[in-house]
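What follows is a single structure, written as structure tokens, with notes after it.
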Protein chains: 2
Amino acid sequence: MSMQRCCPPVTVVTADFGEAAALLKAAADPYRLTILATLARSTDEACVCDFTGALPLNQPAVSHHLKILRDAGLVTSERRGTWVYYRLADDARERLTRVLSSAIPEKAPA
Amino acid sequence: MSMQRCCPPVTVVTADFGEAAALLKAAADPYRLTILATLARSTDEACVCDFTGALPLNQPAVSHHLKILRDAGLVTSERRGTWVYYRLADDARERLTRVLSSAIPEKAPA
DNA sequence: GAACTATATTGACAAATCTCGATTCAGTAT
DNA sequence: ATACTGAATCGAGATTTGTCAATATAGTTC
């Protein structure tokens, strides 16, 4: 007898998760999560020097991670004088949450 | 006159986001998000062949991505006969949500 | 202007990731 | 046991990512 099919074929989602993955990837780093967590908890802005002091990274490395977060739109930056101040983007949490829900939607309440 | 300090120093979070980053990283890939989205929407299990048929990846590559998801605990697998069936882990969404909130907590209601 | 400071960018290198082809393993069928 | 199928693992090559040292840029102070 021939073997049965493995299963009623599952419909694989065809949506493009490229942007979703890019946003998650920007956040998926221990140092960048630390930066996001710090900004999320601070009422004030933080400057680059705050992070170079506290993280085991030198200044270019911190700038590198901040650039990734800024390119992803998760933080905003503003230069005032010599210093550059970083803030969490207003919609950072919402965008990450939405991306997560686009992949794994909340279950309908029972 | 000497320049002022850049700002009242911000307290950088000291928590370790290593595990949080690892979980996000496991999800932060277009194909893996597609797999998660498919499993989240399917009432049934999916077998590897479902994905090899629908994704532009060959069988070892699909197995590779499934292994990353399984190692992260986002999916579970069960072999029955020749086939291996994958399901979304029950707590997949909750764990990802919690990780997100650990970095960027929900704002207290106004 | 020159000297100095904070940040950004560049280039090089190491480490991790992704993809494929080939092979191996687990299970079924004969 | 042999032949066959689905899935996992291995090994190699290409791409990406993270880090540092060096340099460049923007702004301040003198």
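So you can find residues: chains in the structure tokens are A, B, ... in the order shown, residues in each start at 1, and ligands are numbered from 1 in order.
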| task | Determine which residues of stretch 14-110 of chain A DSSP labels as strand (DSSP E) from the backbone of this structure, then write them out as a list of chain:residue names. | result |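 Across stretch 14-110 of chain A, those assigned strand (DSSP E) are A:Ala46, A:Cys47, A:Val75, A:Thr76, A:Ser77, A:Glu78, A:Arg79, A:Arg80, A:Trp83, A:Val84, A:Tyr85, A:Tyr86, A:Arg87, A:Leu88.
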Could you save those same residues with N, CA and C atoms as a short mmCIF file (atom, residue, chain, number, x, y, z; two decimals), in the first residue's frame?
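Output (selection-v8.cif):
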data_model
loop_
_atom_site.label_atom_id
_atom_site.label_comp_id
_atom_site.auth_asym_id
_atom_site.auth_seq_id
_atom_site.Cartn_x
_atom_site.Cartn_y
_atom_site.Cartn_z
N ALA A 46 19.05 61.07 26.47
CA ALA A 46 20.38 60.58 26.82
C ALA A 46 21.33 60.99 25.70
N CYS A 47 22.56 61.27 26.09
CA CYS A 47 23.53 61.56 25.06
C CYS A 47 24.45 60.35 24.90
N VAL A 75 14.56 55.19 17.53
CA VAL A 75 14.97 56.33 18.34
C VAL A 75 15.09 57.56 17.44
N THR A 76 15.04 58.70 18.07
CA THR A 76 15.26 59.95 17.34
C THR A 76 16.46 60.64 17.96
N SER A 77 17.11 61.48 17.17
CA SER A 77 18.28 62.17 17.68
C SER A 77 18.17 63.65 17.36
N GLU A 78 18.79 64.44 18.19
CA GLU A 78 18.79 65.88 17.98
C GLU A 78 20.12 66.42 18.46
N ARG A 79 20.75 67.17 17.62
CA ARG A 79 22.01 67.78 18.03
C ARG A 79 21.74 69.15 18.65
N ARG A 80 22.31 69.37 19.82
CA ARG A 80 22.26 70.71 20.43
C ARG A 80 23.67 71.02 20.89
N TRP A 83 26.66 68.24 21.64
CA TRP A 83 26.13 66.94 22.00
C TRP A 83 24.95 66.52 21.14
N VAL A 84 24.75 65.26 21.04
CA VAL A 84 23.60 64.70 20.33
C VAL A 84 22.76 63.94 21.34
N TYR A 85 21.49 64.28 21.38
CA TYR A 85 20.61 63.70 22.37
C TYR A 85 19.67 62.70 21.70
N TYR A 86 19.49 61.59 22.37
CA TYR A 86 18.64 60.53 21.82
C TYR A 86 17.41 60.33 22.68
N ARG A 87 16.30 60.06 22.01
CA ARG A 87 15.04 59.76 22.67
C ARG A 87 14.46 58.50 22.05
N LEU A 88 13.64 57.82 22.81
CA LEU A 88 12.86 56.73 22.24
C LEU A 88 11.82 57.33 21.31
#
| message | Env of stretch 94-100 of chain A: 9 Å cut, atoms = only C-alpha atoms (C1' of nucleotides), seq-sep filter 6 positions within chain, self excluded. Answer as number ranges by chain. | response | A: 17, 19-21, 23-24, 27, 74; B: 93, 96-97, 100
| field | Non-local contacts of A:Pro60 (12 Å; only C-alpha atoms (C1' of nucleotides); under 6 positions in same chain excluded) as JSON, numbers by chain | value | {"A": [48, 49, 51, 52, 66, 67], "C": [6, 7, 8, 9, 10], "D": [18, 19, 20, 21, 22, 23]}
| said: Give me, as number ranges by chain, the residues of stretch 67-109 of chain B that a backbone DSSP run labels helix (DSSP H, G or I). | reply: B: 67-71, 92-103
Residues from the last selection, N, CA and C atoms, saved as a PDB file, in the first residue's frame:
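Here's the written file out35.pdb:
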ATOM      1  N   LYS B  67      14.950  24.593  13.147  1.00  0.00           N
ATOM      2  CA  LYS B  67      15.789  24.280  14.316  1.00  0.00           C
ATOM      3  C   LYS B  67      16.031  25.522  15.168  1.00  0.00           C
ATOM      4  N   ILE B  68      16.250  26.640  14.509  1.00  0.00           N
ATOM      5  CA  ILE B  68      16.466  27.886  15.253  1.00  0.00           C
ATOM      6  C   ILE B  68      15.217  28.226  16.063  1.00  0.00           C
ATOM      7  N   LEU B  69      14.062  28.054  15.436  1.00  0.00           N
ATOM      8  CA  LEU B  69      12.810  28.345  16.146  1.00  0.00           C
ATOM      9  C   LEU B  69      12.590  27.358  17.286  1.00  0.00           C
ATOM     10  N   ARG B  70      12.940  26.104  17.039  1.00  0.00           N
ATOM     11  CA  ARG B  70      12.739  25.095  18.078  1.00  0.00           C
ATOM     12  C   ARG B  70      13.714  25.313  19.238  1.00  0.00           C
ATOM     13  N   ASP B  71      14.966  25.607  18.912  1.00  0.00           N
ATOM     14  CA  ASP B  71      15.948  25.869  19.971  1.00  0.00           C
ATOM     15  C   ASP B  71      15.524  27.064  20.823  1.00  0.00           C
ATOM     16  N   ALA B  92       4.487  31.124  22.816  1.00  0.00           N
ATOM     17  CA  ALA B  92       5.367  31.863  21.911  1.00  0.00           C
ATOM     18  C   ALA B  92       5.035  33.360  21.924  1.00  0.00           C
ATOM     19  N   ARG B  93       3.784  33.669  21.708  1.00  0.00           N
ATOM     20  CA  ARG B  93       3.407  35.073  21.667  1.00  0.00           C
ATOM     21  C   ARG B  93       3.640  35.755  23.012  1.00  0.00           C
ATOM     22  N   GLU B  94       3.305  35.047  24.059  1.00  0.00           N
ATOM     23  CA  GLU B  94       3.455  35.652  25.383  1.00  0.00           C
ATOM     24  C   GLU B  94       4.929  35.936  25.692  1.00  0.00           C
ATOM     25  N   ARG B  95       5.791  35.001  25.340  1.00  0.00           N
ATOM     26  CA  ARG B  95       7.204  35.219  25.638  1.00  0.00           C
ATOM     27  C   ARG B  95       7.769  36.382  24.844  1.00  0.00           C
ATOM     28  N   LEU B  96       7.394  36.462  23.580  1.00  0.00           N
ATOM     29  CA  LEU B  96       7.893  37.577  22.778  1.00  0.00           C
ATOM     30  C   LEU B  96       7.357  38.904  23.302  1.00  0.00           C
ATOM     31  N   THR B  97       6.090  38.899  23.669  1.00  0.00           N
ATOM     32  CA  THR B  97       5.495  40.126  24.205  1.00  0.00           C
ATOM     33  C   THR B  97       6.186  40.543  25.494  1.00  0.00           C
ATOM     34  N   ARG B  98       6.466  39.565  26.329  1.00  0.00           N
ATOM     35  CA  ARG B  98       7.085  39.879  27.611  1.00  0.00           C
ATOM     36  C   ARG B  98       8.490  40.435  27.412  1.00  0.00           C
ATOM     37  N   VAL B  99       9.206  39.844  26.472  1.00  0.00           N
ATOM     38  CA  VAL B  99      10.549  40.340  26.192  1.00  0.00           C
ATOM     39  C   VAL B  99      10.494  41.787  25.718  1.00  0.00           C
ATOM     40  N   LEU B 100       9.530  42.046  24.877  1.00  0.00           N
ATOM     41  CA  LEU B 100       9.377  43.403  24.378  1.00  0.00           C
ATOM     42  C   LEU B 100       9.077  44.362  25.533  1.00  0.00           C
ATOM     43  N   SER B 101       8.185  43.945  26.397  1.00  0.00           N
ATOM     44  CA  SER B 101       7.819  44.806  27.520  1.00  0.00           C
ATOM     45  C   SER B 101       8.958  44.961  28.519  1.00  0.00           C
ATOM     46  N   SER B 102       9.818  43.965  28.604  1.00  0.00           N
ATOM     47  CA  SER B 102      10.937  44.090  29.528  1.00  0.00           C
ATOM     48  C   SER B 102      11.876  45.201  29.068  1.00  0.00           C
ATOM     49  N   ALA B 103      11.948  45.410  27.767  1.00  0.00           N
ATOM     50  CA  ALA B 103      12.790  46.496  27.270  1.00  0.00           C
ATOM     51  C   ALA B 103      12.010  47.810  27.259  1.00  0.00           C
TER      52      ALA B 103
END
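Of note, atom C1' of D:DT15 and atom CA of B:Asp16 are spaced 29.0 Å apart.
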| message | I'd like the neighbourhood of B:Pro30 as a list in words, where a residue qualifies if any of its atoms comes within 7 Å (using only C-alpha atoms (C1' of nucleotides)), though same-chain residues fewer than 2 positions away should be ignored. | response |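 Once the nearby chain positions are removed, what remains is Phe17, Gly18 and Ala21 of chain A; Ala28, Arg32, Leu33 and Thr34 of chain B.
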| query | Counting only C-alpha atoms (C1' of nucleotides), which residues from chain B have an atom at most 7 Å from any atom of chain C, and could you show them as a list of chain:residue names? | reply | B:Ala61, B:Gly81, B:Thr82
Output C-alpha atoms for every residue in the selection just made, as a PDB file, in the first residue's frame.
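Final file, selection-v1.pdb:
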ATOM      1  CA  ALA B  61      17.482  25.380   4.771  1.00  0.00           C
ATOM      2  CA  GLY B  81       6.142   7.996  11.329  1.00  0.00           C
ATOM      3  CA  THR B  82       8.176   9.459   8.553  1.00  0.00           C
TER       4      THR B  82
END
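What separates atom CA of A:Val62 from atom CA of A:Tyr31 is a distance of 8.7 Å.
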| message | Would you mind listing, as a list in words, all residues of chain D that have at least one atom within 8 Å of chain A, where only C-alpha atoms (C1' of nucleotides) are what counts? | response |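 Residues satisfying the distance criterion: DT19, DA26, DG27 and DT28 of chain D.
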What would the file look like if the residues just selected were written as a short mmCIF file (atom, residue, chain, number, x, y, z; two decimals), in the first residue's frame with C-alpha atoms (C1' of nucleotides)?
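Saved to out.cif:
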data_model
loop_
_atom_site.label_atom_id
_atom_site.label_comp_id
_atom_site.auth_asym_id
_atom_site.auth_seq_id
_atom_site.Cartn_x
_atom_site.Cartn_y
_atom_site.Cartn_z
"C1'" DT D 19 34.18 45.49 17.03
"C1'" DA D 26 30.44 69.63 13.79
"C1'" DG D 27 30.61 72.67 17.34
"C1'" DT D 28 32.78 75.23 21.23
#
